[in-house]
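Structure data (mmCIF, C-alpha atoms and all ligand atoms) from model_18.cif:
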data_my_file
loop_
_atom_site.group_PDB
_atom_site.id
_atom_site.type_symbol
_atom_site.label_atom_id
_atom_site.label_comp_id
_atom_site.auth_asym_id
_atom_site.auth_seq_id
_atom_site.Cartn_x
_atom_site.Cartn_y
_atom_site.Cartn_z
ATOM 1 C CA MET A 1 -53.443 44.203 -12.633
ATOM 2 C CA GLU A 2 -56.944 44.808 -11.230
ATOM 3 C CA PHE A 3 -59.419 42.196 -10.047
ATOM 4 C CA ASN A 4 -62.147 42.679 -7.515
ATOM 5 C CA MET A 5 -61.153 40.507 -4.570
ATOM 6 C CA GLU A 6 -63.407 42.278 -2.079
ATOM 7 C CA ASN A 7 -64.783 39.883 0.586
ATOM 8 C CA LYS A 8 -62.365 37.136 -0.513
ATOM 9 C CA VAL A 9 -60.202 35.505 2.154
ATOM 10 C CA VAL A 10 -56.859 34.441 0.706
ATOM 11 C CA VAL A 11 -54.371 32.349 2.694
ATOM 12 C CA ILE A 12 -50.766 32.371 1.463
ATOM 13 C CA THR A 13 -48.026 30.185 2.948
ATOM 14 C CA GLY A 14 -44.406 31.359 3.091
ATOM 15 C CA ALA A 15 -45.647 34.879 2.450
ATOM 16 C CA ALA A 16 -43.424 36.847 4.822
ATOM 17 C CA ARG A 17 -41.023 37.659 1.989
ATOM 18 C CA GLY A 18 -40.198 37.066 -1.682
ATOM 19 C CA ILE A 19 -42.801 35.796 -4.133
ATOM 20 C CA GLY A 20 -45.284 35.016 -1.341
ATOM 21 C CA PHE A 21 -45.147 38.580 -0.024
ATOM 22 C CA ALA A 22 -45.597 39.993 -3.545
ATOM 23 C CA ILE A 23 -48.673 37.759 -3.923
ATOM 24 C CA ALA A 24 -49.997 38.964 -0.545
ATOM 25 C CA GLU A 25 -49.448 42.589 -1.562
ATOM 26 C CA ALA A 26 -51.157 42.124 -4.936
ATOM 27 C CA PHE A 27 -54.244 40.519 -3.357
ATOM 28 C CA ALA A 28 -54.340 43.132 -0.583
ATOM 29 C CA LYS A 29 -54.189 45.935 -3.175
ATOM 30 C CA ASN A 30 -57.220 44.320 -4.831
ATOM 31 C CA ARG A 31 -59.102 44.504 -1.513
ATOM 32 C CA ALA A 32 -58.813 40.839 -0.452
ATOM 33 C CA THR A 33 -58.452 39.896 3.209
ATOM 34 C CA VAL A 34 -54.940 38.492 3.179
ATOM 35 C CA VAL A 35 -53.761 35.855 5.653
ATOM 36 C CA ILE A 36 -50.019 35.268 5.766
ATOM 37 C CA ILE A 37 -48.578 32.048 7.218
ATOM 38 C CA ASP A 38 -44.817 31.784 7.651
ATOM 39 C CA ILE A 39 -42.341 30.016 9.898
ATOM 40 C CA VAL A 40 -40.229 33.139 10.665
ATOM 41 C CA ALA A 41 -42.003 35.121 13.396
ATOM 42 C CA GLU A 42 -40.256 38.520 12.960
ATOM 43 C CA ALA A 43 -40.686 38.352 9.196
ATOM 44 C CA VAL A 44 -44.454 37.741 9.611
ATOM 45 C CA GLU A 45 -44.742 40.776 11.870
ATOM 46 C CA LYS A 46 -42.738 42.937 9.455
ATOM 47 C CA ALA A 47 -44.769 41.786 6.431
ATOM 48 C CA VAL A 48 -48.124 42.468 8.123
ATOM 49 C CA SER A 49 -47.078 45.926 9.329
ATOM 50 C CA LYS A 50 -45.794 46.786 5.845
ATOM 51 C CA LEU A 51 -49.197 45.876 4.350
ATOM 52 C CA GLU A 52 -51.128 47.626 7.138
ATOM 53 C CA SER A 53 -49.062 50.800 6.775
ATOM 54 C CA SER A 54 -50.163 50.877 3.113
ATOM 55 C CA GLY A 55 -53.775 50.771 4.337
ATOM 56 C CA TYR A 56 -54.442 47.117 3.448
ATOM 57 C CA THR A 57 -56.187 44.385 5.463
ATOM 58 C CA ALA A 58 -53.720 41.670 6.415
ATOM 59 C CA PHE A 59 -53.323 39.097 9.165
ATOM 60 C CA GLY A 60 -50.229 37.096 10.015
ATOM 61 C CA TYR A 61 -49.829 33.726 11.693
ATOM 62 C CA ILE A 62 -46.674 31.839 12.549
ATOM 63 C CA GLY A 63 -46.924 28.317 11.172
ATOM 64 C CA ASN A 64 -44.860 25.476 9.798
ATOM 65 C CA VAL A 65 -46.502 23.841 6.769
ATOM 66 C CA THR A 66 -45.091 20.430 7.759
ATOM 67 C CA ASP A 67 -46.773 20.517 11.181
ATOM 68 C CA SER A 68 -50.115 18.860 10.436
ATOM 69 C CA ALA A 69 -51.696 19.402 13.872
ATOM 70 C CA GLY A 70 -50.476 23.014 14.017
ATOM 71 C CA ILE A 71 -51.832 23.769 10.531
ATOM 72 C CA GLU A 72 -55.175 22.134 11.375
ATOM 73 C CA ALA A 73 -55.522 24.349 14.463
ATOM 74 C CA LEU A 74 -54.414 27.403 12.500
ATOM 75 C CA PHE A 75 -56.932 26.817 9.692
ATOM 76 C CA ALA A 76 -59.704 26.319 12.295
ATOM 77 C CA LYS A 77 -58.679 29.666 13.816
ATOM 78 C CA ILE A 78 -58.710 31.326 10.383
ATOM 79 C CA ILE A 79 -62.234 29.985 9.722
ATOM 80 C CA GLN A 80 -63.364 31.123 13.157
ATOM 81 C CA THR A 81 -61.976 34.636 12.607
ATOM 82 C CA HIS A 82 -62.638 35.163 8.895
ATOM 83 C CA THR A 83 -65.533 32.656 8.390
ATOM 84 C CA LYS A 84 -64.104 31.103 5.192
ATOM 85 C CA ILE A 85 -61.096 30.457 2.956
ATOM 86 C CA ASP A 86 -61.759 31.372 -0.681
ATOM 87 C CA CYS A 87 -58.243 30.729 -1.921
ATOM 88 C CA LEU A 88 -55.160 28.931 -0.605
ATOM 89 C CA ILE A 89 -51.802 29.604 -2.210
ATOM 90 C CA ASN A 90 -49.185 26.969 -1.345
ATOM 91 C CA ASN A 91 -46.052 29.053 -1.793
ATOM 92 C CA ALA A 92 -43.735 28.021 1.082
ATOM 93 C CA GLY A 93 -40.706 26.327 -0.394
ATOM 94 C CA ILE A 94 -36.986 25.788 0.105
ATOM 95 C CA THR A 95 -33.936 24.528 -1.775
ATOM 96 C CA ARG A 96 -31.094 22.352 -0.460
ATOM 97 C CA ASP A 97 -29.054 21.883 -3.625
ATOM 98 C CA ASN A 98 -26.537 19.103 -4.126
ATOM 99 C CA LEU A 99 -25.500 16.597 -6.761
ATOM 100 C CA VAL A 100 -27.339 13.271 -6.388
ATOM 101 C CA LEU A 101 -24.194 11.350 -5.417
ATOM 102 C CA ARG A 102 -23.418 13.864 -2.662
ATOM 103 C CA MET A 103 -26.956 14.515 -1.514
ATOM 104 C CA LYS A 104 -27.675 13.691 2.110
ATOM 105 C CA GLU A 105 -30.948 11.932 2.826
ATOM 106 C CA GLU A 106 -31.829 14.838 5.143
ATOM 107 C CA GLU A 107 -31.447 17.288 2.236
ATOM 108 C CA TRP A 108 -33.775 15.129 0.128
ATOM 109 C CA GLN A 109 -36.304 14.679 2.930
ATOM 110 C CA MET A 110 -36.429 18.305 4.073
ATOM 111 C CA VAL A 111 -37.154 19.624 0.563
ATOM 112 C CA LEU A 112 -39.801 16.960 -0.114
ATOM 113 C CA ASP A 113 -41.381 17.572 3.311
ATOM 114 C CA ILE A 114 -41.732 21.351 2.999
ATOM 115 C CA ASN A 115 -42.375 21.723 -0.740
ATOM 116 C CA LEU A 116 -44.611 18.708 -1.374
ATOM 117 C CA LYS A 117 -45.938 17.290 1.905
ATOM 118 C CA GLY A 118 -46.473 20.803 3.284
ATOM 119 C CA SER A 119 -48.671 21.644 0.274
ATOM 120 C CA PHE A 120 -50.632 18.412 0.791
ATOM 121 C CA ILE A 121 -51.146 19.164 4.498
ATOM 122 C CA CYS A 122 -52.369 22.739 3.906
ATOM 123 C CA SER A 123 -54.547 21.692 0.942
ATOM 124 C CA GLN A 124 -56.198 18.880 2.895
ATOM 125 C CA LYS A 125 -57.176 21.279 5.681
ATOM 126 C CA ALA A 126 -58.423 23.918 3.201
ATOM 127 C CA PHE A 127 -60.392 21.397 1.091
ATOM 128 C CA LYS A 128 -62.452 20.405 4.155
ATOM 129 C CA HIS A 129 -63.713 23.986 4.493
ATOM 130 C CA MET A 130 -64.023 24.602 0.738
ATOM 131 C CA MET A 131 -66.077 21.409 0.277
ATOM 132 C CA LYS A 132 -68.669 22.668 2.750
ATOM 133 C CA ALA A 133 -68.784 25.995 0.887
ATOM 134 C CA ARG A 134 -68.855 24.139 -2.472
ATOM 135 C CA CYS A 135 -66.387 26.644 -3.906
ATOM 136 C CA GLY A 136 -62.784 27.720 -3.597
ATOM 137 C CA CYS A 137 -59.479 27.582 -5.349
ATOM 138 C CA ILE A 138 -55.991 26.370 -4.605
ATOM 139 C CA ILE A 139 -52.867 27.582 -6.369
ATOM 140 C CA ASN A 140 -49.653 25.586 -5.946
ATOM 141 C CA ILE A 141 -46.410 27.445 -6.590
ATOM 142 C CA THR A 142 -44.268 24.898 -8.382
ATOM 143 C CA SER A 143 -41.227 25.715 -10.568
ATOM 144 C CA VAL A 144 -39.935 25.303 -14.116
ATOM 145 C CA ILE A 145 -37.402 22.960 -12.466
ATOM 146 C CA GLY A 146 -40.312 20.582 -11.777
ATOM 147 C CA ILE A 147 -40.939 20.531 -15.542
ATOM 148 C CA MET A 148 -37.362 20.553 -16.920
ATOM 149 C CA GLY A 149 -35.297 19.022 -14.088
ATOM 150 C CA ASN A 150 -31.927 20.522 -13.134
ATOM 151 C CA ALA A 151 -28.529 19.057 -12.308
ATOM 152 C CA GLY A 152 -27.842 19.672 -8.621
ATOM 153 C CA GLN A 153 -31.529 20.066 -7.766
ATOM 154 C CA ALA A 154 -32.933 16.511 -7.954
ATOM 155 C CA ASN A 155 -34.695 16.887 -4.598
ATOM 156 C CA TYR A 156 -36.233 20.260 -5.554
ATOM 157 C CA ALA A 157 -37.207 19.007 -9.045
ATOM 158 C CA ALA A 158 -38.865 15.902 -7.557
ATOM 159 C CA SER A 159 -40.800 18.019 -5.051
ATOM 160 C CA LYS A 160 -41.977 20.503 -7.690
ATOM 161 C CA GLY A 161 -42.742 17.798 -10.303
ATOM 162 C CA GLY A 162 -44.711 15.987 -7.597
ATOM 163 C CA LEU A 163 -46.607 19.204 -6.894
ATOM 164 C CA ILE A 164 -47.704 19.382 -10.553
ATOM 165 C CA ALA A 165 -49.026 15.791 -10.394
ATOM 166 C CA PHE A 166 -50.690 16.577 -7.045
ATOM 167 C CA THR A 167 -52.336 19.631 -8.639
ATOM 168 C CA LYS A 168 -53.854 17.572 -11.470
ATOM 169 C CA SER A 169 -55.086 14.842 -9.094
ATOM 170 C CA CYS A 170 -56.720 17.356 -6.748
ATOM 171 C CA ALA A 171 -58.273 19.212 -9.703
ATOM 172 C CA LYS A 172 -59.948 15.934 -10.743
ATOM 173 C CA GLU A 173 -60.928 14.948 -7.195
ATOM 174 C CA PHE A 174 -62.536 18.268 -6.233
ATOM 175 C CA ALA A 175 -63.947 19.593 -9.534
ATOM 176 C CA SER A 176 -67.432 18.263 -8.800
ATOM 177 C CA ARG A 177 -67.385 20.286 -5.553
ATOM 178 C CA GLY A 178 -66.805 23.530 -7.422
ATOM 179 C CA ILE A 179 -63.151 23.772 -6.346
ATOM 180 C CA ARG A 180 -60.428 24.659 -8.876
ATOM 181 C CA VAL A 181 -56.773 23.681 -8.418
ATOM 182 C CA ASN A 182 -53.961 25.069 -10.574
ATOM 183 C CA ALA A 183 -50.179 25.373 -10.449
ATOM 184 C CA VAL A 184 -47.982 28.343 -11.276
ATOM 185 C CA ALA A 185 -44.426 27.555 -12.403
ATOM 186 C CA PRO A 186 -42.086 30.523 -11.997
ATOM 187 C CA GLY A 187 -38.842 30.560 -13.936
ATOM 188 C CA PHE A 188 -35.923 32.622 -12.617
ATOM 189 C CA ILE A 189 -37.400 35.302 -10.375
ATOM 190 C CA GLU A 190 -35.439 37.987 -8.487
ATOM 191 C CA THR A 191 -35.881 37.087 -4.787
ATOM 192 C CA GLU A 192 -33.703 36.259 -1.774
ATOM 193 C CA MET A 193 -33.811 32.607 -2.912
ATOM 194 C CA THR A 194 -31.991 33.549 -6.140
ATOM 195 C CA ALA A 195 -29.977 36.504 -4.729
ATOM 196 C CA SER A 196 -26.952 34.299 -4.121
ATOM 197 C CA LEU A 197 -26.556 33.472 -7.836
ATOM 198 C CA SER A 198 -23.368 34.930 -9.317
ATOM 199 C CA ASP A 199 -23.434 37.438 -12.185
ATOM 200 C CA GLU A 200 -21.972 34.731 -14.441
ATOM 201 C CA ILE A 201 -24.803 32.304 -13.688
ATOM 202 C CA ARG A 202 -27.354 35.102 -14.194
ATOM 203 C CA ALA A 203 -25.827 35.887 -17.582
ATOM 204 C CA GLU A 204 -25.943 32.166 -18.506
ATOM 205 C CA TYR A 205 -29.629 31.986 -17.540
ATOM 206 C CA ALA A 206 -30.432 35.178 -19.445
ATOM 207 C CA LYS A 207 -28.970 33.580 -22.595
ATOM 208 C CA VAL A 208 -31.469 30.701 -22.499
ATOM 209 C CA ILE A 209 -34.516 32.767 -21.534
ATOM 210 C CA PRO A 210 -36.237 33.995 -24.727
ATOM 211 C CA LEU A 211 -37.225 37.293 -23.012
ATOM 212 C CA GLN A 212 -33.548 37.578 -21.894
ATOM 213 C CA LYS A 213 -34.134 38.649 -18.286
ATOM 214 C CA MET A 214 -35.162 37.353 -14.885
ATOM 215 C CA GLY A 215 -38.750 37.889 -13.798
ATOM 216 C CA SER A 216 -40.099 39.823 -10.815
ATOM 217 C CA PRO A 217 -42.254 38.500 -7.950
ATOM 218 C CA LEU A 218 -45.052 40.734 -9.284
ATOM 219 C CA ASP A 219 -45.065 38.765 -12.566
ATOM 220 C CA VAL A 220 -45.943 35.659 -10.531
ATOM 221 C CA ALA A 221 -48.427 37.530 -8.326
ATOM 222 C CA ASN A 222 -50.348 38.825 -11.363
ATOM 223 C CA LEU A 223 -50.984 35.285 -12.633
ATOM 224 C CA CYS A 224 -52.123 34.179 -9.168
ATOM 225 C CA LEU A 225 -54.588 37.083 -9.070
ATOM 226 C CA PHE A 226 -56.038 36.054 -12.420
ATOM 227 C CA LEU A 227 -56.256 32.354 -11.457
ATOM 228 C CA ALA A 228 -58.025 33.210 -8.187
ATOM 229 C CA SER A 229 -60.473 35.549 -9.906
ATOM 230 C CA ASP A 230 -63.873 34.735 -11.381
ATOM 231 C CA SER A 231 -62.314 35.404 -14.816
ATOM 232 C CA ALA A 232 -60.528 32.033 -14.463
ATOM 233 C CA SER A 233 -63.666 30.095 -13.489
ATOM 234 C CA TYR A 234 -63.191 27.563 -16.341
ATOM 235 C CA ILE A 235 -59.497 26.899 -15.666
ATOM 236 C CA SER A 236 -58.477 23.923 -13.501
ATOM 237 C CA GLY A 237 -55.691 21.317 -13.368
ATOM 238 C CA GLN A 238 -53.303 23.539 -15.330
ATOM 239 C CA THR A 239 -49.659 24.384 -14.764
ATOM 240 C CA ILE A 240 -48.881 27.806 -16.160
ATOM 241 C CA ALA A 241 -45.275 28.971 -16.425
ATOM 242 C CA VAL A 242 -44.177 32.558 -15.688
ATOM 243 C CA ASP A 243 -40.711 32.151 -17.131
ATOM 244 C CA GLY A 244 -40.021 34.548 -19.999
ATOM 245 C CA GLY A 245 -40.584 31.691 -22.450
ATOM 246 C CA LEU A 246 -37.984 29.342 -20.915
ATOM 247 C CA THR A 247 -40.248 26.289 -21.054
ATOM 248 C CA MET A 248 -42.507 25.846 -24.048
ATOM 249 C CA HIS A 249 -44.792 22.876 -24.617
HETATM 250 N N1 LIG B 301 -37.304 32.660 -6.731
HETATM 251 C C1 LIG B 301 -37.422 31.916 -7.801
HETATM 252 O O1 LIG B 301 -36.739 32.142 -8.829
HETATM 253 C C2 LIG B 301 -38.393 30.790 -7.856
HETATM 254 C C3 LIG B 301 -38.518 30.073 -9.044
HETATM 255 C C4 LIG B 301 -39.423 29.030 -9.119
HETATM 256 C C5 LIG B 301 -40.199 28.713 -8.024
HETATM 257 N N2 LIG B 301 -40.052 29.397 -6.862
HETATM 258 C C6 LIG B 301 -40.894 28.987 -5.745
HETATM 259 O O2 LIG B 301 -41.620 30.112 -5.266
HETATM 260 C C7 LIG B 301 -41.846 29.968 -3.846
HETATM 261 C C8 LIG B 301 -41.338 31.215 -3.131
HETATM 262 O O3 LIG B 301 -39.963 31.382 -3.456
HETATM 263 P P1 LIG B 301 -39.129 32.660 -2.998
HETATM 264 O O4 LIG B 301 -38.060 32.832 -3.996
HETATM 265 O O5 LIG B 301 -40.029 33.774 -2.663
HETATM 266 O O6 LIG B 301 -38.448 32.050 -1.669
HETATM 267 P P2 LIG B 301 -38.017 32.765 -0.315
HETATM 268 O O7 LIG B 301 -36.980 31.871 0.293
HETATM 269 O O8 LIG B 301 -37.687 34.193 -0.525
HETATM 270 O O9 LIG B 301 -39.359 32.686 0.548
HETATM 271 C C9 LIG B 301 -39.874 31.464 1.028
HETATM 272 C C10 LIG B 301 -40.686 31.737 2.280
HETATM 273 O O10 LIG B 301 -41.178 30.466 2.766
HETATM 274 C C11 LIG B 301 -41.029 30.440 4.181
HETATM 275 N N3 LIG B 301 -40.952 29.048 4.643
HETATM 276 C C12 LIG B 301 -39.921 28.169 4.470
HETATM 277 N N4 LIG B 301 -40.197 27.015 5.074
HETATM 278 C C13 LIG B 301 -41.435 27.138 5.627
HETATM 279 C C14 LIG B 301 -42.260 26.268 6.370
HETATM 280 N N5 LIG B 301 -41.868 25.022 6.700
HETATM 281 N N6 LIG B 301 -43.491 26.701 6.766
HETATM 282 C C15 LIG B 301 -43.900 27.969 6.474
HETATM 283 N N7 LIG B 301 -43.137 28.843 5.772
HETATM 284 C C16 LIG B 301 -41.923 28.427 5.363
HETATM 285 C C17 LIG B 301 -39.746 31.221 4.447
HETATM 286 O O11 LIG B 301 -39.651 31.654 5.787
HETATM 287 C C18 LIG B 301 -39.865 32.347 3.425
HETATM 288 O O12 LIG B 301 -40.536 33.462 3.972
HETATM 289 C C19 LIG B 301 -41.124 28.683 -3.431
HETATM 290 O O13 LIG B 301 -42.039 27.620 -3.385
HETATM 291 C C20 LIG B 301 -40.126 28.476 -4.536
HETATM 292 O O14 LIG B 301 -39.773 27.128 -4.685
HETATM 293 C C21 LIG B 301 -39.165 30.429 -6.745
#

Would you write the structure of this file as structure tokens?
Ligand SMILES: NC(=O)c1ccc[n+]([C@@H]2O[C@H](COP(=O)([O-])OP(=O)(O)OC[C@H]3O[C@@H](n4cnc5c(N)ncnc54)[C@H](O)[C@@H]3O)[C@@H](O)[C@H]2O)c1
Amino acid sequence: MEFNMENKVVVITGAARGIGFAIAEAFAKNRATVVIIDIVAEAVEKAVSKLESSGYTAFGYIGNVTDSAGIEALFAKIIQTHTKIDCLINNAGITRDNLVLRMKEEEWQMVLDINLKGSFICSQKAFKHMMKARCGCIINITSVIGIMGNAGQANYAASKGGLIAFTKSCAKEFASRGIRVNAVAPGFIETEMTASLSDEIRAEYAKVIPLQKMGSPLDVANLCLFLASDSASYISGQTIAVDGGLTMH
């Protein structure tokens, strides 16, 4: 997919691998200045050198989305180096699956902290800069699980459902400042997060997905590109699924 992202600074959290890296690669290919934030130092280095060796412009920073002071300092550094943030993509996310009766409070808290609070922390820092510029866009990577729920994933579903409500609230709060906020809800996407699923579970999922297959990280990246582009300038507060038709409203 081609969009002109020249002179756009795009910050993507959790982008050292998986869907986040595919998003980084797609924006870099479209000439954006890509800024990767991830908690795993070696993975950040590897991701940036992979993009640079393809001739793209990419920068990597080690950061934990739950560390408010660290993220504030990091965003200030990004502004100082790149002068602005046109788009923030809150992609960092984890799972700690368990049935509700067996779930440890730490499993609940960790997932809510990284998936939901982490997105709030990064958004708050980005909004401050975007408000001054009176433009910008934020894309929150939620999940179909936040729409449908899933047995064994109550913590993840709550975090991703919360992210959808957060998206709508921010879209309303910042619309008058020229800032758009949307959510992308991937279905079952082939990444390291889903690599541990057995062939049987994959076959079960494929049966309920109308397009009968798992998606690729690029499918998600393509929607992010569109939502960040000027072609989506009248779209805000939406949650758009990339799920082969799994969820239909
Ligand atoms: N893979 C799927 O099928 C699928 C489906 C729906 C939604 N999602 C969502 O898409 C996003 C990316 O998923 P993925 O499959 O690429 O996962 P992944 O595990 O492959 O990648 C997640 C990245 O986030 C980073 N990260 C984790 N905690 C962090 C923190 N505290 N601060 C900064 N970075 C941190 C990890 O180091 C990793 O690089 C997640 O939010 C996930 O919930 C994935």

With distances taken over only C-alpha atoms, the candidate from A:Asn155, A:Thr81, A:Ser216, A:Ser229 nearest Lys8 of chain A is A:Ser229

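The result of the PyMOL selection byres (((chain A and resi 138) around 6) and not hetatm) on the shown file is Cys87, Leu88, Ile89, Cys137, Ile139 and Val181 of chain A.
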
Q) What does the PyMOL selection byres (((not hetatm)) within 8 of (chain B and resi 301)) select in this file, as a PyMOL selection string? A) chain A and resi 13-21+37-40+43+62-66+90-95+114-115+118+141-145+156+160+185-194+215+217

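Once the PyMOL selection byres (((chain A and resi 45) around 10) and not hetatm) is applied to the shown structure, the selection contains A:Ala16, A:Ile36, A:Asp38, A:Val40, A:Ala41, A:Glu42, A:Ala43, A:Val44, A:Lys46, A:Ala47, A:Val48, A:Ser49, A:Lys50, A:Phe59, A:Gly60, A:Tyr61, A:Ile62.
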
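Using only C-alpha atoms, the nearest neighbour of Arg96 of chain A within the list A:Asn140, A:Ser169, A:Thr83, A:Gln153 is A:Gln153.
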
Correct to one decimal, the distance atom CA of Ala154 of chain A-atom CA of Ser236 of chain A is 27.2 Å

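Within 10 Å of the point (-54.8, 16.1, -6.3), and counting only C-alpha atoms, the protein, DNA and RNA residues are A:Phe120, A:Ser123, A:Gln124, A:Leu163, A:Ile164, A:Ala165, A:Phe166, A:Thr167, A:Lys168, A:Ser169, A:Cys170, A:Ala171, A:Lys172, A:Glu173, A:Phe174, A:Val181, A:Asn182, A:Gly237.
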
Check: Which neighbours of Met131 of chain A fall inside 10 Å, counting all atoms listed in the file, when residues of the same chain fewer than 2 positions from it are skipped, and could you give them as a list in words?
Finding: Ala126, Phe127, Lys128, His129, Ala133, Arg134, Cys135, Gly136, Phe174, Ser176, Arg177, Gly178 and Ile179 of chain A
